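Content type mmCIF, C-alpha atoms, from the file data-v2.cif:
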data_target
#
loop_
_atom_site.label_atom_id
_atom_site.label_comp_id
_atom_site.auth_asym_id
_atom_site.auth_seq_id
_atom_site.Cartn_x
_atom_site.Cartn_y
_atom_site.Cartn_z
CA MET A 160 52.91 -7.07 -44.99
CA LEU A 161 56.35 -5.70 -44.18
CA LEU A 162 59.48 -7.49 -43.04
CA ILE A 163 62.03 -5.25 -41.32
CA GLY A 164 65.46 -6.52 -40.36
CA ASP A 165 69.08 -7.12 -41.18
CA SER A 166 70.79 -9.46 -43.64
CA ILE A 167 69.20 -12.53 -42.02
CA THR A 168 65.76 -11.08 -42.83
CA VAL A 169 66.90 -10.13 -46.33
CA ARG A 170 67.91 -13.73 -46.98
CA TYR A 171 64.56 -15.24 -45.97
CA ALA A 172 62.30 -12.50 -47.37
CA ALA A 173 61.81 -13.99 -50.84
CA GLU A 174 60.94 -17.40 -49.43
CA VAL A 175 58.46 -15.81 -47.01
CA GLY A 176 56.89 -14.12 -50.03
CA THR A 177 56.56 -17.50 -51.72
CA GLU A 178 55.06 -19.06 -48.57
CA LEU A 179 52.51 -16.24 -48.32
CA LYS A 180 51.65 -16.11 -52.03
CA GLY A 181 47.93 -15.50 -52.41
CA LYS A 182 47.66 -14.40 -48.77
CA ALA A 183 49.83 -11.27 -48.64
CA TYR A 184 52.22 -9.16 -50.64
CA VAL A 185 55.57 -9.08 -48.81
CA SER A 186 57.66 -5.91 -48.70
CA LEU A 187 61.13 -5.67 -47.17
CA LEU A 188 63.09 -3.00 -45.34
CA GLY A 189 66.55 -4.51 -45.05
CA THR A 190 68.97 -2.43 -43.00
CA SER A 191 72.20 -2.77 -41.07
CA LYS A 192 71.38 0.23 -38.92
CA ALA A 193 71.30 -0.47 -35.20
CA VAL A 194 68.50 0.48 -32.86
CA GLY A 195 69.51 3.85 -31.45
CA ASP A 196 70.65 5.18 -34.82
CA PRO A 197 68.25 8.07 -35.59
CA ALA A 198 68.55 7.27 -39.30
CA LEU A 199 66.81 3.94 -38.63
CA LEU A 200 63.67 5.74 -37.47
CA ASP A 201 63.84 7.92 -40.58
CA GLU A 202 64.06 4.81 -42.80
CA ILE A 203 61.07 3.25 -41.06
CA LYS A 204 59.00 6.43 -41.39
CA LEU A 205 59.87 6.72 -45.08
CA VAL A 206 58.76 3.15 -45.82
CA LEU A 207 55.58 3.50 -43.76
CA ARG A 208 54.65 6.69 -45.65
CA GLN A 209 54.89 4.76 -48.94
CA ASN A 210 52.43 1.94 -48.16
CA VAL A 211 49.83 0.77 -45.69
CA TYR A 212 50.75 -2.50 -44.01
CA SER A 213 48.47 -4.92 -42.19
CA VAL A 214 51.32 -6.85 -40.53
CA ILE A 215 54.89 -5.83 -39.67
CA HIS A 216 57.38 -8.56 -38.68
CA PHE A 217 60.54 -6.90 -37.36
CA ASN A 218 63.95 -7.49 -35.79
CA PHE A 219 67.05 -5.41 -35.05
CA GLY A 220 69.55 -7.50 -33.13
CA LEU A 221 72.76 -8.27 -34.95
CA HIS A 222 73.93 -4.67 -35.22
CA GLY A 223 74.62 -2.43 -32.25
CA ASP A 224 74.87 -3.51 -28.65
CA THR A 225 72.53 -4.44 -25.82
CA ALA A 226 72.53 -0.89 -24.43
CA ASP A 227 71.40 0.48 -27.81
CA LEU A 228 68.58 -2.05 -27.89
CA ARG A 229 67.54 -1.31 -24.31
CA MET A 230 67.46 2.44 -24.92
CA GLY A 231 66.17 2.59 -28.49
CA LEU A 232 63.70 -0.25 -29.08
CA GLY A 233 60.90 1.67 -27.36
CA ASP A 234 61.36 4.45 -29.93
CA VAL A 235 61.20 1.93 -32.78
CA ILE A 236 57.99 0.42 -31.42
CA ALA A 237 56.47 3.88 -30.92
CA THR A 238 57.42 4.83 -34.49
CA LEU A 239 55.84 1.67 -35.89
CA LYS A 240 52.66 2.24 -33.90
CA ARG A 241 52.48 5.94 -34.76
CA HIS A 242 53.08 5.53 -38.50
CA ALA A 243 51.29 2.19 -39.00
CA PRO A 244 48.56 2.38 -36.34
CA LYS A 245 46.46 -0.46 -37.75
CA ALA A 246 49.33 -2.85 -38.43
CA LYS A 247 49.66 -5.95 -36.32
CA LEU A 248 53.25 -6.17 -35.07
CA ILE A 249 55.33 -9.28 -34.47
CA TRP A 250 58.89 -9.31 -33.11
CA ALA A 251 61.44 -11.88 -34.29
CA THR A 252 64.15 -12.81 -31.83
CA THR A 253 67.68 -12.40 -33.10
CA THR A 254 69.25 -15.59 -34.39
CA PRO A 255 72.48 -16.79 -32.77
CA CYS A 256 75.89 -16.56 -34.33
CA GLN A 257 77.89 -19.78 -34.38
CA LYS A 258 80.60 -19.94 -31.73
CA LYS A 259 83.77 -21.97 -32.34
CA ASP A 260 83.23 -24.02 -29.19
CA ASP A 261 79.47 -24.40 -29.90
CA ALA A 262 78.76 -22.42 -26.72
CA PRO A 263 75.56 -20.38 -26.55
CA ASP A 264 75.78 -16.93 -28.12
CA THR A 265 75.57 -14.92 -24.89
CA SER A 266 75.66 -11.57 -26.70
CA VAL A 267 72.55 -12.41 -28.71
CA ILE A 268 70.87 -13.93 -25.65
CA GLU A 269 71.42 -10.63 -23.80
CA LYS A 270 70.05 -8.64 -26.73
CA ASN A 271 66.96 -10.86 -26.95
CA GLN A 272 66.39 -10.45 -23.20
CA ALA A 273 66.70 -6.66 -23.48
CA ALA A 274 64.27 -6.63 -26.39
CA ALA A 275 61.85 -8.94 -24.56
CA GLU A 276 61.22 -6.28 -21.92
CA HIS A 277 60.02 -3.78 -24.54
CA ILE A 278 58.13 -6.40 -26.54
CA ALA A 279 56.25 -7.72 -23.50
CA LYS A 280 55.39 -4.20 -22.32
CA ALA A 281 53.97 -3.41 -25.78
CA GLY A 282 52.04 -6.71 -25.93
CA ILE A 283 53.68 -7.75 -29.21
CA PRO A 284 53.76 -11.46 -30.12
CA VAL A 285 57.17 -13.09 -30.59
CA ASP A 286 58.48 -15.26 -33.42
CA ASP A 287 61.30 -17.13 -31.66
CA LEU A 288 63.87 -17.61 -34.41
CA TYR A 289 66.67 -17.84 -31.83
CA THR A 290 65.35 -21.09 -30.37
CA LEU A 291 64.55 -22.45 -33.82
CA VAL A 292 68.21 -22.17 -34.81
CA ALA A 293 69.88 -22.78 -31.44
CA LYS A 294 67.92 -25.96 -30.73
CA HIS A 295 67.98 -27.37 -34.26
CA PRO A 296 69.56 -30.83 -34.34
CA THR A 297 71.94 -29.87 -37.15
CA LYS A 298 74.09 -26.78 -37.58
CA LEU A 299 72.44 -24.40 -40.00
CA TRP A 300 75.21 -21.81 -40.51
CA ASP A 301 76.87 -21.41 -43.89
CA GLY A 302 80.44 -21.43 -42.59
CA GLY A 303 80.77 -17.75 -41.74
CA GLY A 304 79.02 -18.17 -38.43
CA VAL A 305 76.38 -15.48 -38.98
CA HIS A 306 74.38 -16.38 -42.09
CA TYR A 307 72.65 -19.63 -42.88
CA THR A 308 72.70 -22.41 -45.43
CA ALA A 309 69.83 -22.75 -47.87
CA GLU A 310 68.29 -25.27 -45.46
CA GLY A 311 68.67 -22.86 -42.53
CA THR A 312 67.11 -20.02 -44.48
CA ALA A 313 64.23 -22.26 -45.61
CA ILE A 314 63.54 -23.37 -42.04
CA GLN A 315 63.48 -19.76 -40.86
CA SER A 316 61.27 -18.59 -43.73
CA ARG A 317 58.69 -21.32 -43.03
CA GLN A 318 58.53 -20.34 -39.37
CA VAL A 319 58.25 -16.62 -40.20
CA ALA A 320 55.39 -17.31 -42.62
CA GLN A 321 53.64 -19.53 -40.06
CA ALA A 322 53.97 -16.76 -37.45
CA ILE A 323 52.45 -14.21 -39.83
CA ILE A 324 49.51 -16.24 -41.17
CA PRO A 325 47.42 -16.06 -37.96
CA LEU A 326 47.83 -12.29 -37.91
CA LEU A 327 46.71 -12.05 -41.54
CA ASP A 328 43.72 -14.24 -40.75
CA ARG A 329 42.60 -11.76 -38.06
CA ILE A 330 42.64 -8.73 -40.36
CA THR A 331 39.22 -7.27 -40.94
CA ASP A 332 38.02 -4.91 -43.65
CA THR A 333 38.12 -2.11 -41.04
CA ASP A 334 41.81 -2.83 -40.39
CA ARG A 335 42.60 -2.40 -44.10
CA LYS A 336 41.18 1.13 -44.26
#
Final structure tokens representation of the file:
Amino acid sequence: MLLIGDSITVRYAAEVGTELKGKAYVSLLGTSKAVGDPALLDEIKLVLRQNVYSVIHFNFGLHGDTADLRMGLGDVIATLKRHAPKAKLIWATTTPCQKKDDAPDTSVIEKNQAAAEHIAKAGIPVDDLYTLVAKHPTKLWDGGGVHYTAEGTAIQSRQVAQAIIPLLDRITDTDRK
């Protein structure tokens, strides 16, 4: 299975691999490229030419703006479907950044809403990492306001693994070929 995302994904990837040990081999495409950057599509194509994936869990929300996401996410989804036609896709909502006044992260909310339109149209299930972090009873950020403490990363990795397991369970021998 393949995880695609930014530094948040990079931080939880190893723990997801541990959670899925014996069920799936976890690969990672970590990138800071924003949706709308043509080089992102090239990176995705390169990785998908290297291996065959049964599940792809992806997110592109911290980098770029809402307009980029609105205009470019359809191309990302089309690229994933074209170059990994048998892979089951799952979208992860973008996690919030911590605001000084503890207000909701409206920028990330807007990006998640823009992405939701494409995701719903494509019929892709959602792993709601935004709500996991935003509604958690304790603050999970590491002090920089973007990345997470070890506890925050562990909580995210467990949810990601739990979102992936049902998709792995539905893979048939035909899907693997």
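The shortest atom-to-atom distance to A:Glu310, with only C-alpha atoms taken into account, belongs to A:Tyr171 out of A:Tyr212, A:Tyr171, A:Phe219, A:Trp250.
Going from atom CA of A:Lys298 over to atom CA of A:Thr265, you cover 17.4 Å.
Against the coordinates shown, the PyMOL selection byres ((chain A and resi 256) around 9) returns A:Leu221, A:Thr254, A:Pro255, A:Gln257, A:Lys258, A:Pro263, A:Asp264, A:Val267, A:Trp300, A:Gly303, A:Gly304, A:Val305, A:His306.
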Q: Identify, on the basis of only C-alpha atoms, every residue whose closest approach to A:Ala246 does not exceed 8 Å; exclude the query and any residue fewer than 4 positions from it along the same chain; express the result as a ChimeraX atom specification.
A: /A:212-215,240,334
Q) With all atoms listed in the file as the atoms that count, which of A:Ala243, A:Val235, A:Ala309, A:Ala198 lies nearest to A:His277? A) A:Val235
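Residue nearest A:Glu276, chosen from A:Gly302, A:Gly311, A:Gly233, A:Gly195 and counting only C-alpha atoms: A:Gly233.
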If you apply the PyMOL selection byres ((chain A and resi 291) around 9) to this file, what residues do you get, as a PDB file with C-alpha atoms, in the frame of the given file?
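File written: selection31.pdb
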ATOM      1  CA  THR A 254      69.250 -15.590 -34.390  1.00  0.00           C
ATOM      2  CA  ASP A 287      61.300 -17.130 -31.660  1.00  0.00           C
ATOM      3  CA  LEU A 288      63.870 -17.610 -34.410  1.00  0.00           C
ATOM      4  CA  TYR A 289      66.670 -17.840 -31.830  1.00  0.00           C
ATOM      5  CA  THR A 290      65.350 -21.090 -30.370  1.00  0.00           C
ATOM      6  CA  VAL A 292      68.210 -22.170 -34.810  1.00  0.00           C
ATOM      7  CA  ALA A 293      69.880 -22.780 -31.440  1.00  0.00           C
ATOM      8  CA  LYS A 294      67.920 -25.960 -30.730  1.00  0.00           C
ATOM      9  CA  HIS A 295      67.980 -27.370 -34.260  1.00  0.00           C
ATOM     10  CA  ILE A 314      63.540 -23.370 -42.040  1.00  0.00           C
ATOM     11  CA  GLN A 315      63.480 -19.760 -40.860  1.00  0.00           C
ATOM     12  CA  GLN A 318      58.530 -20.340 -39.370  1.00  0.00           C
TER      13      GLN A 318
END
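Taking atom CA of A:Ile278 as the reference point, atom CA of A:Leu248 is found at 9.8 Å.
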Q: Run through the PyMOL selection byres ((chain A and resi 165) around 10) on the given coordinates and return the selected residues as a PyMOL selection string.
A: chain A and resi 162-164+166-170+188-193+217-222+253
Q.
So, with all atoms listed in the file as the atoms that count, which of A:Glu269, A:Asp234, A:Asp261, A:Asp196 lies closest to A:Thr297?
A. A:Asp261
Q. Which is closer to A:Ile323 than all the others in A:Leu207, A:Gln272, A:Arg241, A:Val285, using only C-alpha atoms?
A. A:Val285
